[in-house]
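A.B. asks: Take a look at data10.csv, CSV, C-alpha atoms and all ligand atoms:
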chain,number,residue,atom,x,y,z
H,1,MET,CA,29.7,-12.2,-7.9
H,2,ILE,CA,26.6,-11.2,-6.0
H,3,SER,CA,26.6,-7.6,-4.8
H,4,LYS,CA,26.3,-6.9,-1.1
H,5,ARG,CA,23.1,-5.0,-1.7
H,6,ALA,CA,21.5,-7.9,-3.5
H,7,ALA,CA,22.7,-10.4,-0.9
H,8,ASP,CA,21.4,-8.2,1.9
H,9,ILE,CA,17.9,-7.3,0.7
H,10,PRO,CA,15.4,-9.2,2.9
H,11,PRO,CA,12.6,-11.3,1.3
H,12,PHE,CA,9.0,-10.5,2.0
H,13,VAL,CA,8.3,-12.2,5.4
H,14,VAL,CA,4.7,-12.7,4.3
H,15,MET,CA,6.1,-15.0,1.6
H,16,ASP,CA,7.1,-17.5,4.3
H,17,VAL,CA,3.5,-17.7,5.3
H,18,LEU,CA,2.2,-17.9,1.7
H,19,GLU,CA,4.7,-20.6,0.7
H,20,ARG,CA,3.9,-22.7,3.7
H,21,ALA,CA,0.1,-22.2,2.9
H,22,GLN,CA,0.8,-23.3,-0.7
H,23,LYS,CA,2.6,-26.4,0.5
H,24,MET,CA,-0.4,-27.3,2.7
H,25,ALA,CA,-2.7,-26.7,-0.3
H,26,ARG,CA,-0.6,-29.2,-2.4
H,27,GLU,CA,-1.0,-31.7,0.5
H,28,GLY,CA,-4.8,-31.4,0.0
H,29,ILE,CA,-5.5,-29.0,3.0
H,30,HIS,CA,-8.0,-26.3,2.4
H,31,VAL,CA,-6.5,-23.0,3.5
H,32,ILE,CA,-8.4,-19.7,3.8
H,33,HIS,CA,-6.2,-16.8,2.7
H,34,LEU,CA,-6.5,-13.7,4.9
H,35,GLU,CA,-2.8,-12.8,4.4
H,36,VAL,CA,-3.2,-11.4,0.8
H,37,GLY,CA,-2.6,-7.8,0.0
H,38,GLU,CA,-4.5,-7.6,-3.3
H,39,PRO,CA,-8.1,-7.3,-4.4
H,40,ASP,CA,-10.0,-10.6,-4.9
H,41,PHE,CA,-12.1,-8.9,-7.6
H,42,ASP,CA,-11.3,-9.2,-11.2
H,43,THR,CA,-10.6,-6.0,-13.1
H,44,PRO,CA,-13.9,-4.3,-14.1
H,45,ALA,CA,-15.1,-5.3,-17.6
H,46,CYS,CA,-15.0,-1.7,-19.0
H,47,ILE,CA,-11.3,-1.6,-18.3
H,48,ASN,CA,-10.7,-5.0,-19.9
H,49,ASP,CA,-12.7,-3.9,-22.9
H,50,ALA,CA,-10.5,-0.8,-23.3
H,51,ALA,CA,-7.4,-2.9,-23.3
H,52,GLY,CA,-8.9,-5.2,-25.9
H,53,ARG,CA,-9.6,-2.1,-28.1
H,54,ALA,CA,-6.1,-0.8,-27.5
H,55,LEU,CA,-4.6,-4.1,-28.7
H,56,ALA,CA,-6.9,-4.2,-31.8
H,57,GLU,CA,-5.9,-0.6,-32.6
H,58,GLY,CA,-2.2,-1.5,-32.4
H,59,HIS,CA,-1.2,0.3,-29.2
H,60,THR,CA,1.6,-2.2,-28.8
H,61,HIS,CA,4.6,0.2,-29.0
H,62,TYR,CA,6.8,2.2,-26.6
H,63,THR,CA,5.0,5.3,-25.4
H,64,HIS,CA,6.3,8.7,-24.4
H,65,SER,CA,8.8,8.1,-21.6
H,66,MET,CA,6.6,10.1,-19.2
H,67,GLY,CA,3.5,8.2,-20.1
H,68,VAL,CA,0.7,8.8,-22.7
H,69,VAL,CA,-0.4,12.5,-22.4
H,70,GLU,CA,-4.1,11.6,-22.3
H,71,LEU,CA,-3.5,9.4,-19.2
H,72,ARG,CA,-1.5,12.1,-17.5
H,73,GLU,CA,-4.3,14.6,-18.2
H,74,ALA,CA,-6.8,12.1,-16.7
H,75,ILE,CA,-4.6,11.7,-13.6
H,76,CYS,CA,-4.5,15.5,-13.2
H,77,ALA,CA,-8.3,15.7,-13.7
H,78,HIS,CA,-8.7,13.0,-11.0
H,79,TYR,CA,-6.6,14.9,-8.5
H,80,LEU,CA,-8.4,18.1,-9.2
H,81,GLN,CA,-11.8,16.5,-8.8
H,82,THR,CA,-11.0,14.4,-5.8
H,83,TYR,CA,-8.8,16.8,-3.8
H,84,GLY,CA,-9.1,20.2,-5.5
H,85,VAL,CA,-5.4,20.3,-6.3
H,86,ARG,CA,-4.0,21.4,-9.6
H,87,VAL,CA,-1.2,19.3,-11.0
H,88,ASP,CA,0.3,19.9,-14.5
H,89,PRO,CA,0.6,16.8,-16.7
H,90,ASP,CA,4.3,17.6,-17.1
H,91,GLN,CA,4.7,16.8,-13.4
H,92,VAL,CA,3.3,13.3,-13.8
H,93,LEU,CA,5.5,10.3,-14.6
H,94,VAL,CA,3.7,7.1,-15.4
H,95,GLY,CA,5.5,3.8,-14.6
H,96,ASN,CA,5.0,0.1,-14.2
H,97,GLY,CA,3.5,0.2,-10.7
H,98,THR,CA,4.3,2.3,-7.6
H,99,SER,CA,7.0,-0.2,-6.6
H,100,PRO,CA,9.4,0.5,-9.6
H,101,LEU,CA,8.6,4.2,-9.2
H,102,PHE,CA,9.8,4.1,-5.6
H,103,PHE,CA,13.1,2.7,-6.9
H,104,LEU,CA,13.2,5.5,-9.4
H,105,LEU,CA,12.4,8.3,-7.0
H,106,LEU,CA,14.7,7.2,-4.2
H,107,SER,CA,17.5,6.7,-6.7
H,108,ALA,CA,17.0,10.3,-7.8
H,109,ILE,CA,17.0,11.9,-4.4
H,110,LEU,CA,19.3,9.9,-2.1
H,111,GLU,CA,23.0,10.2,-1.6
H,112,PRO,CA,24.6,7.4,0.5
H,113,GLY,CA,23.8,8.0,4.2
H,114,ASP,CA,20.8,10.2,3.5
H,115,GLU,CA,17.9,9.5,5.9
H,116,VAL,CA,14.2,8.8,5.1
H,117,ILE,CA,11.8,8.8,8.0
H,118,ILE,CA,9.2,6.0,8.0
H,119,SER,CA,6.6,4.9,10.5
H,120,ASP,CA,6.9,1.7,12.5
H,121,PRO,CA,4.9,-0.4,11.6
H,122,HIS,CA,5.2,0.3,7.9
H,123,TYR,CA,4.7,-1.4,4.5
H,124,CYS,CA,7.4,-4.0,4.6
H,125,CYS,CA,9.3,-2.9,1.5
H,126,TYR,CA,10.0,0.7,2.6
H,127,PRO,CA,13.1,0.1,4.6
H,128,ASN,CA,14.4,-2.4,2.0
H,129,PHE,CA,13.9,0.2,-0.8
H,130,ILE,CA,15.8,2.8,1.2
H,131,THR,CA,18.7,0.6,2.3
H,132,PHE,CA,19.1,-0.9,-1.2
H,133,LEU,CA,19.8,2.6,-2.5
H,134,ASP,CA,22.4,3.3,0.3
H,135,GLY,CA,20.0,5.4,2.3
H,136,VAL,CA,19.1,5.0,6.0
H,137,PRO,CA,15.6,4.3,7.1
H,138,VAL,CA,14.8,6.1,10.4
H,139,THR,CA,11.7,4.7,12.1
H,140,VAL,CA,9.2,6.6,14.2
H,141,PRO,CA,7.0,4.3,16.3
H,142,VAL,CA,3.2,4.8,15.9
H,143,TYR,CA,0.7,3.5,18.4
H,144,GLU,CA,-2.6,1.7,18.4
H,145,GLU,CA,-4.2,4.3,20.7
H,146,ASP,CA,-3.5,7.0,18.1
H,147,GLY,CA,-4.9,4.8,15.3
H,148,PHE,CA,-1.3,4.3,14.3
H,149,GLN,CA,-0.9,7.9,13.1
H,150,TYR,CA,2.3,9.7,13.4
H,151,ARG,CA,2.8,12.1,16.3
H,152,SER,CA,4.5,15.1,14.8
H,153,SER,CA,6.5,15.6,18.0
H,154,ALA,CA,8.1,12.2,17.4
H,155,ILE,CA,8.9,13.1,13.8
H,156,SER,CA,10.6,16.4,14.7
H,157,GLY,CA,12.8,14.5,17.2
H,158,LYS,CA,14.1,12.4,14.3
H,159,ILE,CA,14.8,15.1,11.7
H,160,THR,CA,18.6,15.7,11.2
H,161,ASP,CA,20.6,17.5,8.5
H,162,ARG,CA,20.7,14.2,6.6
H,163,THR,CA,16.9,13.8,6.5
H,164,ARG,CA,15.8,13.9,2.8
H,165,ALA,CA,12.2,13.0,3.2
H,166,ILE,CA,9.4,11.9,5.5
H,167,LEU,CA,7.4,9.0,4.1
H,168,ILE,CA,3.6,8.8,4.8
H,169,ASN,CA,1.0,6.2,3.7
H,170,SER,CA,-2.6,7.0,4.1
H,171,PRO,CA,-4.7,4.9,4.0
H,172,SER,CA,-2.0,2.6,5.4
H,173,ASN,CA,-0.8,-0.8,4.9
H,174,PRO,CA,-0.7,-2.6,7.3
H,175,THR,CA,-3.0,-0.7,9.7
H,176,GLY,CA,-5.9,0.4,7.4
H,177,ASN,CA,-6.0,3.7,9.1
H,178,LEU,CA,-6.1,7.2,7.7
H,179,LEU,CA,-3.9,10.2,8.6
H,180,SER,CA,-6.2,13.0,9.9
H,181,GLU,CA,-6.1,16.4,8.1
H,182,ARG,CA,-4.6,18.0,11.2
H,183,ARG,CA,-1.7,15.5,11.4
H,184,MET,CA,-1.1,15.6,7.7
H,185,ARG,CA,-1.0,19.4,7.8
H,186,ALA,CA,1.5,19.3,10.6
H,187,ILE,CA,3.7,16.8,8.8
H,188,ALA,CA,3.6,19.0,5.6
H,189,ALA,CA,5.0,21.9,7.6
H,190,PHE,CA,8.3,20.1,8.3
H,191,SER,CA,11.2,21.2,6.1
H,192,PRO,CA,12.1,17.8,4.4
H,193,TYR,CA,10.2,16.8,1.4
H,194,ILE,CA,7.2,14.5,2.0
H,195,ILE,CA,6.9,11.2,0.0
H,196,SER,CA,3.2,10.3,0.1
H,197,ASP,CA,2.3,6.7,-0.9
H,198,GLU,CA,-1.4,7.2,-1.9
H,199,ILE,CA,-1.9,3.7,-3.4
H,200,TYR,CA,-4.9,3.0,-1.2
H,201,GLN,CA,-6.6,6.3,-1.9
H,202,GLY,CA,-10.2,5.8,-2.8
H,203,LEU,CA,-10.5,2.7,-0.6
H,204,VAL,CA,-12.1,4.7,2.2
H,205,TYR,CA,-15.2,3.7,4.1
H,206,GLU,CA,-15.6,6.4,6.7
H,207,GLY,CA,-14.1,9.9,7.0
H,208,LYS,CA,-12.3,11.7,4.3
H,209,ALA,CA,-8.8,10.8,2.9
H,210,HIS,CA,-6.5,13.7,2.0
H,211,SER,CA,-3.7,14.0,-0.5
H,212,ILE,CA,-0.5,15.6,0.7
H,213,LEU,CA,-0.8,18.0,-2.2
H,214,GLU,CA,-3.6,19.8,-0.4
H,215,PHE,CA,-1.1,21.0,2.1
H,216,THR,CA,2.3,21.3,0.4
H,217,ASP,CA,3.9,21.3,-3.1
H,218,ARG,CA,7.2,20.0,-1.6
H,219,ALA,CA,5.9,16.5,-2.0
H,220,PHE,CA,6.2,13.4,-4.1
H,221,VAL,CA,3.0,11.4,-4.6
H,222,LEU,CA,3.1,7.8,-5.5
H,223,ASN,CA,-0.2,6.3,-6.7
H,224,GLY,CA,-1.4,3.6,-9.1
H,225,PHE,CA,-4.2,1.4,-10.3
H,226,SER,CA,-3.4,-1.9,-8.5
H,227,LYS,CA,-5.7,-1.5,-5.5
H,228,LEU,CA,-8.7,0.7,-6.2
H,229,TYR,CA,-9.3,-0.7,-9.7
H,230,ALA,CA,-8.2,-4.3,-8.9
H,231,MET,CA,-5.4,-4.0,-11.5
H,232,THR,CA,-2.4,-5.5,-9.6
H,233,GLY,CA,-1.4,-7.6,-12.6
H,234,TRP,CA,-1.5,-4.7,-15.1
H,235,ARG,CA,1.5,-3.1,-13.4
H,236,LEU,CA,0.7,0.6,-13.7
H,237,GLY,CA,1.3,3.5,-11.4
H,238,TYR,CA,2.4,7.1,-11.4
H,239,LEU,CA,4.6,9.6,-9.6
H,240,ILE,CA,3.7,13.3,-9.2
H,241,ALA,CA,6.8,15.3,-8.5
H,242,PRO,CA,7.9,19.0,-8.1
H,243,ARG,CA,9.0,20.3,-11.5
H,244,GLU,CA,12.7,20.6,-10.7
H,245,PHE,CA,12.9,16.8,-10.2
H,246,ILE,CA,11.0,15.8,-13.4
H,247,ARG,CA,13.9,15.9,-15.9
H,248,PRO,CA,16.3,13.8,-13.7
H,249,LEU,CA,13.4,11.3,-13.1
H,250,GLN,CA,12.6,11.2,-16.7
H,251,LYS,CA,16.2,10.5,-17.7
H,252,ILE,CA,16.5,7.6,-15.2
H,253,ASN,CA,13.2,6.3,-16.5
H,254,GLN,CA,14.3,6.4,-20.1
H,255,ASN,CA,17.4,4.5,-19.3
H,256,PHE,CA,16.1,1.8,-17.1
H,257,PHE,CA,12.4,1.3,-18.0
H,258,ILE,CA,11.9,3.3,-21.3
H,259,SER,CA,8.2,3.6,-20.9
H,260,ALA,CA,5.3,2.0,-19.1
H,261,ASN,CA,3.2,-0.8,-20.7
H,262,ALA,CA,1.1,0.8,-23.5
H,263,VAL,CA,-2.0,-1.5,-23.2
H,264,SER,CA,-2.2,-0.9,-19.5
H,265,GLN,CA,-2.0,2.9,-20.0
H,266,ALA,CA,-5.0,2.7,-22.4
H,267,ALA,CA,-6.9,0.6,-19.9
H,268,ALA,CA,-6.0,3.1,-17.1
H,269,ILE,CA,-7.6,6.0,-18.9
H,270,THR,CA,-10.9,4.1,-18.9
H,271,ALA,CA,-10.4,3.2,-15.3
H,272,LEU,CA,-10.2,6.9,-14.3
H,273,ARG,CA,-13.0,8.0,-16.6
H,274,GLU,CA,-15.5,5.2,-16.6
H,275,ALA,CA,-15.1,2.8,-13.7
H,276,ASP,CA,-16.9,4.7,-11.0
H,277,GLY,CA,-19.8,2.3,-10.9
H,278,PRO,CA,-17.8,-0.9,-10.5
H,279,VAL,CA,-15.5,0.8,-8.0
H,280,ARG,CA,-18.5,1.9,-5.9
H,281,ARG,CA,-19.8,-1.7,-5.9
H,282,MET,CA,-16.4,-3.0,-4.8
H,283,LEU,CA,-16.2,-0.4,-2.0
H,284,ASP,CA,-19.7,-1.4,-0.7
H,285,THR,CA,-18.6,-5.0,-0.6
H,286,TYR,CA,-15.3,-4.2,1.1
H,287,ASN,CA,-17.1,-2.1,3.7
H,288,ARG,CA,-19.5,-4.9,4.6
H,289,ARG,CA,-16.6,-7.3,5.0
H,290,ARG,CA,-14.7,-4.8,7.1
H,291,ARG,CA,-17.6,-4.3,9.5
H,292,TYR,CA,-18.1,-8.1,9.8
H,293,MET,CA,-14.4,-8.8,10.4
H,294,ILE,CA,-13.9,-6.1,13.0
H,295,ASP,CA,-17.0,-7.4,14.9
H,296,ARG,CA,-15.8,-11.0,14.8
H,297,LEU,CA,-12.2,-10.2,15.8
H,298,LYS,CA,-13.3,-8.0,18.7
H,299,LYS,CA,-15.7,-10.8,20.0
H,300,MET,CA,-12.7,-13.2,19.9
H,301,GLY,CA,-10.7,-10.9,22.1
H,302,PHE,CA,-8.4,-9.2,19.5
H,303,GLY,CA,-7.7,-5.6,20.4
H,304,ILE,CA,-8.9,-2.9,17.9
H,305,THR,CA,-8.7,0.4,19.6
H,306,VAL,CA,-9.3,2.6,16.6
H,307,GLU,CA,-11.4,0.9,13.9
H,308,PRO,CA,-9.6,1.0,10.5
H,309,THR,CA,-11.6,2.9,7.8
H,310,GLY,CA,-9.4,2.4,4.7
H,311,ALA,CA,-7.5,0.0,2.5
H,312,PHE,CA,-8.6,-3.6,3.2
H,313,TYR,CA,-6.7,-4.5,6.4
H,314,VAL,CA,-7.4,-4.9,10.1
H,315,PHE,CA,-4.3,-4.7,12.2
H,316,ALA,CA,-5.4,-6.3,15.5
H,317,ASN,CA,-3.6,-6.6,18.8
H,318,ALA,CA,-3.0,-10.2,19.5
H,319,ARG,CA,-0.8,-9.9,22.6
H,320,ARG,CA,-3.6,-11.6,24.7
H,321,PHE,CA,-2.8,-14.7,22.7
H,322,SER,CA,0.9,-14.5,22.1
H,323,GLN,CA,3.9,-12.1,22.3
H,324,ASP,CA,5.4,-13.7,19.2
H,325,SER,CA,3.3,-12.8,16.1
H,326,PHE,CA,5.3,-15.0,13.7
H,327,GLN,CA,4.8,-18.0,15.9
H,328,LEU,CA,1.1,-17.2,16.3
H,329,ALA,CA,0.6,-16.7,12.5
H,330,MET,CA,2.3,-20.0,11.8
H,331,ASP,CA,0.2,-21.7,14.5
H,332,ILE,CA,-3.0,-20.3,13.1
H,333,LEU,CA,-2.0,-21.6,9.7
H,334,GLU,CA,-1.0,-25.0,10.9
H,335,LYS,CA,-3.9,-25.6,13.2
H,336,ALA,CA,-6.7,-23.5,11.9
H,337,HIS,CA,-5.7,-23.6,8.3
H,338,VAL,CA,-6.0,-19.8,7.9
H,339,GLY,CA,-3.3,-17.6,6.4
H,340,VAL,CA,-2.7,-14.3,8.3
H,341,THR,CA,0.3,-12.0,8.4
H,342,PRO,CA,2.4,-11.5,11.5
H,343,GLY,CA,2.8,-7.9,12.7
H,344,ILE,CA,6.6,-8.3,12.9
H,345,ALA,CA,6.7,-8.4,9.1
H,346,PHE,CA,5.9,-4.6,9.3
H,347,GLY,CA,8.6,-3.6,11.8
H,348,ALA,CA,9.6,-4.2,15.4
H,349,ASN,CA,6.8,-2.1,16.7
H,350,GLY,CA,4.3,-4.3,14.8
H,351,GLU,CA,5.2,-7.2,17.1
H,352,GLY,CA,2.2,-8.6,19.0
H,353,TYR,CA,-0.2,-7.7,16.1
H,354,ILE,CA,-1.7,-9.8,13.3
H,355,ARG,CA,-2.8,-8.3,10.0
H,356,PHE,CA,-6.0,-9.6,8.6
H,357,SER,CA,-7.0,-8.8,5.0
H,358,TYR,CA,-10.6,-8.6,3.9
H,359,ALA,CA,-9.8,-8.8,0.3
H,360,ASN,CA,-11.6,-12.2,0.2
H,361,SER,CA,-15.3,-13.2,-0.1
H,362,ILE,CA,-17.6,-12.9,2.9
H,363,GLU,CA,-18.1,-16.7,2.8
H,364,ASN,CA,-14.3,-17.2,3.1
H,365,ILE,CA,-14.0,-14.5,5.8
H,366,THR,CA,-16.8,-16.1,7.7
H,367,GLU,CA,-15.2,-19.5,7.5
H,368,GLY,CA,-11.8,-18.1,8.4
H,369,MET,CA,-13.2,-16.3,11.5
H,370,ASP,CA,-15.0,-19.5,12.5
H,371,ARG,CA,-11.8,-21.5,12.2
H,372,ILE,CA,-9.7,-19.0,14.2
H,373,GLU,CA,-12.4,-18.8,16.9
H,374,ALA,CA,-12.5,-22.6,17.3
H,375,TYR,CA,-8.6,-22.7,17.4
H,376,LEU,CA,-8.5,-20.0,20.1
H,377,LYS,CA,-11.1,-21.9,22.2
H,378,ARG,CA,-9.2,-25.2,22.1
H,379,ARG,CA,-5.6,-23.9,22.5
H,401,LIG,C1,1.6,0.6,0.8
H,401,LIG,C2,1.9,-0.1,-0.5
H,401,LIG,N1,2.6,0.6,-1.5
H,401,LIG,C3,2.9,0.1,-2.7
H,401,LIG,C4,2.4,-1.2,-3.0
H,401,LIG,C5,2.8,-1.7,-4.4
H,401,LIG,O1,1.9,-1.3,-5.3
H,401,LIG,P1,2.1,-1.5,-6.9
H,401,LIG,O2,1.3,-2.7,-7.3
H,401,LIG,O3,1.6,-0.2,-7.5
H,401,LIG,O4,3.5,-1.7,-7.2
H,401,LIG,C6,1.7,-1.9,-2.1
H,401,LIG,C7,1.3,-3.3,-2.4
H,401,LIG,O5,0.9,-4.1,-1.6
H,401,LIG,C8,1.4,-1.4,-0.8
H,401,LIG,O6,0.7,-2.0,0.1
What would you get if you wrote out this structure as structure tokens?
C.D. replies:
Amino acid sequence: MISKRAADIPPFVVMDVLERAQKMAREGIHVIHLEVGEPDFDTPACINDAAGRALAEGHTHYTHSMGVVELREAICAHYLQTYGVRVDPDQVLVGNGTSPLFFLLLSAILEPGDEVIISDPHYCCYPNFITFLDGVPVTVPVYEEDGFQYRSSAISGKITDRTRAILINSPSNPTGNLLSERRMRAIAAFSPYIISDEIYQGLVYEGKAHSILEFTDRAFVLNGFSKLYAMTGWRLGYLIAPREFIRPLQKINQNFFISANAVSQAAAITALREADGPVRRMLDTYNRRRRYMIDRLKKMGFGITVEPTGAFYVFANARRFSQDSFQLAMDILEKAHVGVTPGIAFGANGEGYIRFSYANSIENITEGMDRIEAYLKRR
């Protein structure tokens, strides 16, 4: 009675590492977690307070299926202020995180056999989302020497009459790199729609991040509150779409999800309007950790050709130590007691790399780096 699509969808590879790490912790072993993909900070107090007020005021009901108007207006104000782009609140659909909105979007645009271009390496769920909805993920390898940015010549070679969209993610998980303005502009000029996962926008330490909406209106933007505002557990995100897609998206949303969480929406309005101070403090802290981690990893012999300037990841070349990233990650866990994510979890072209997350305290990062250094010396 289990559908083929449910039987076939792969689990998160990183879960294997995490579950092994949890088992070790139960055995009394102290593990440092550098495999995690979520902020270690608690949600800023002003956002929590807004949620408390919303509860006290009885905001405990379904909301408009597109999301509370005030929140959609705040999202448009944010895009205008940050990127100088005008978005109408009627083009914004609020949902319970970018992940369910990916499901919604792909279900609205894909017919069986339609292709979506993704980079390799990529966020591990992308091919699973596409395949689950009977689409075909088409991978374009991206390379360390380019800072893992797409080469537009490589994209154009993969566009067919079945290509429905090109998916971009800047700043990127797993690489932490940004797409340059020049490359983004070139991608925006291709004829398929662009799906731009902007969930790490704002987490930028050098250079300027761009939204795809600066270069084209033929784009779907996915963004949310999980990363920048340390709100992973609140489950809130949004999709900005061209007008002609809004009604179909709204109808699917009404049927499957009804509306996003009311309390989270109230909190998110405050996140956009009042959380600049705490966000800046988190950014300063991430940046210090980033500099420290890059420095330590390089000294140990990991390859970092283009230093990552966004998100909270370092995607380091570990081929000097092993060709098998899964084996290496497991060995680091077993022998150094540090959780890291193998590059293979992010696509075949991620093999030979390890993703390190600096969403952890500087003390834990220091201890993690010390342990890995000692492990590499004695192996
Ligand atoms: C690239 C990317 N997109 C989307 C998500 C999911 O975000 P959300 O919490 O909004 O569902 C993640 C989470 O790790 C991510 O790394």
A.B. asks: For a quick check of understanding, using only C-alpha atoms, which of H:Leu236, H:Val204, H:Ala51, H:Val13 has the smallest distance to Ser99 in chain H?
C.D. replies: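 Checking each candidate against Ser99 in chain H, we get H:Leu236 as the closest.
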A.B. asks: Distance table requested - range 124-209 of chain H against range 340-344 of chain H, cut-off 12 Å, all atoms listed in the file: one row per qualifying residue with the closest atom pair and its distance in Å to one decimal, ordered by chain and rising residue number, as a Markdown table.
C.D. replies:
| residue | atom | partner | partner_atom | distance |
| --- | --- | --- | --- | --- |
| H:Cys124 | CA | H:Ile344 | CA | 9.4 |
| H:Asn173 | CA | H:Gly343 | CA | 11.1 |
| H:Pro174 | CA | H:Gly343 | CA | 8.3 |
| H:Thr175 | CA | H:Gly343 | CA | 9.7 |
A.B. asks: Which distance in Å separates CA of Ala316 in chain H and CA of Gly301 in chain H, to one decimal?
C.D. replies: 9.6 Å
A.B. asks: Please list, as a PyMOL selection string, the residues that have an atom at most 7 Å away from (4.3, 11.4, -2.7) in the coordinates of this file, counting only C-alpha atoms.
C.D. replies: chain H and resi 194-197+219-222+240
A.B. asks: Within 7 Å of ligand LIG 401 (chain H) (counting only C-alpha atoms and all ligand atoms), which residues show up? I'd like them as an NGL selection string.
C.D. replies: :H and (37-38 or 97-100 or 123 or 169 or 172-173 or 197 or 199 or 223-226 or 232 or 235-237)
A.B. asks: Hey, which of H:Leu105, H:Ile130, H:Val87, H:Ala241 ends up closest to Ile9 in chain H? Count all atoms listed in the file.
C.D. replies: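 Result for the nearest residue to Ile9 in chain H: H:Ile130.
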A.B. asks: With a distance cut-off of 7 Å and all atoms listed in the file, select the neighbouring residues of range 256-273 of chain H, excluding the residue or stretch itself and same-chain residues fewer than 2 positions from it, and output the selection as a PyMOL selection string.
C.D. replies: chain H and resi 47-48+50-51+54-55+59-67+71+74+94-96+229+234+236+252-254+275
A.B. asks: Is there a way to get, as a ChimeraX atom specification, all residues within 7 Å of the point (-6.1, 8.8, 4.8) in file coordinates, counting all atoms listed in the file?
C.D. replies: /H:170-171,177-180,208-210
A.B. asks: Rank nothing, just name the residue among H:Asn128, H:Ser3, H:Ser211, H:Thr163 nearest to His78 in chain H, using all atoms listed in the file.
C.D. replies: H:Ser211
A.B. asks: Please determine, counting all atoms listed in the file, which residue among H:Asn287, H:Thr216, H:Thr139, H:Gln323 has the shortest atom-to-atom distance to Leu203 in chain H.
C.D. replies: H:Asn287
A.B. asks: Determine, counting all atoms listed in the file, which protein, DNA and RNA residues have an atom within 9 Å of an atom of Arg5 in chain H; residues of the same chain fewer than 6 positions away are not included. Present the result as a PDB file with C-alpha atoms, in the frame of the given file.
C.D. replies:
ATOM      1  CA  THR H 131      18.700   0.600   2.300  1.00  0.00           C
ATOM      2  CA  PHE H 132      19.100  -0.900  -1.200  1.00  0.00           C
ATOM      3  CA  LEU H 133      19.800   2.600  -2.500  1.00  0.00           C
ATOM      4  CA  ASP H 134      22.400   3.300   0.300  1.00  0.00           C
TER       5      ASP H 134
END
A.B. asks: For Ala45 in chain H, which of H:Thr366, H:Ile372, H:Pro308, H:Glu274 is the closest residue, counting all atoms listed in the file?
C.D. replies: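 Result for the nearest residue to Ala45 in chain H: H:Glu274.
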A.B. asks: Mind pulling up the distance from CA of Arg288 in chain H to CA of Glu206 in chain H?
C.D. replies: 12.1 Å
A.B. asks: Considering all atoms listed in the file, can you say which of H:Glu373, H:Glu367, H:Glu334, H:Asp8 comes closest to Ile32 in chain H?
C.D. replies: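 Selected residue with least distance to Ile32 in chain H: H:Glu367.
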A.B. asks: Neighbours of Arg182 in chain H within 12 Å (only C-alpha atoms; same-chain residues fewer than 5 positions away dropped), as a PDB file with C-alpha atoms, in the coordinates of the input?
C.D. replies:
ATOM      1  CA  GLN H 149      -0.900   7.900  13.100  1.00  0.00           C
ATOM      2  CA  TYR H 150       2.300   9.700  13.400  1.00  0.00           C
ATOM      3  CA  ARG H 151       2.800  12.100  16.300  1.00  0.00           C
ATOM      4  CA  SER H 152       4.500  15.100  14.800  1.00  0.00           C
ATOM      5  CA  ILE H 187       3.700  16.800   8.800  1.00  0.00           C
ATOM      6  CA  ALA H 188       3.600  19.000   5.600  1.00  0.00           C
ATOM      7  CA  ALA H 189       5.000  21.900   7.600  1.00  0.00           C
ATOM      8  CA  ALA H 209      -8.800  10.800   2.900  1.00  0.00           C
ATOM      9  CA  HIS H 210      -6.500  13.700   2.000  1.00  0.00           C
ATOM     10  CA  ILE H 212      -0.500  15.600   0.700  1.00  0.00           C
ATOM     11  CA  GLU H 214      -3.600  19.800  -0.400  1.00  0.00           C
ATOM     12  CA  PHE H 215      -1.100  21.000   2.100  1.00  0.00           C
TER      13      PHE H 215
END
A.B. asks: Find the distance between CA of Ser325 in chain H and CA of Arg378 in chain H and write it in Å to one decimal.
C.D. replies: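 Between CA of Ser325 in chain H and CA of Arg378 in chain H the gap is 18.6 Å.
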A.B. asks: Do a neighbour search on Gly135 in chain H at 7 Å with all atoms listed in the file, toss out local chain neighbours closer than 5 positions, and write the hits as a PyMOL selection string.
C.D. replies: chain H and resi 110-115+130
A.B. asks: Can you write just those residues out, C-alpha atoms, as a CSV table (one decimal), keeping the file's coordinate frame?
C.D. replies:
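File produced: out-v4.csv:
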chain,number,residue,atom,x,y,z
H,110,LEU,CA,19.3,9.9,-2.1
H,111,GLU,CA,23.0,10.2,-1.6
H,112,PRO,CA,24.6,7.4,0.5
H,113,GLY,CA,23.8,8.0,4.2
H,114,ASP,CA,20.8,10.2,3.5
H,115,GLU,CA,17.9,9.5,5.9
H,130,ILE,CA,15.8,2.8,1.2
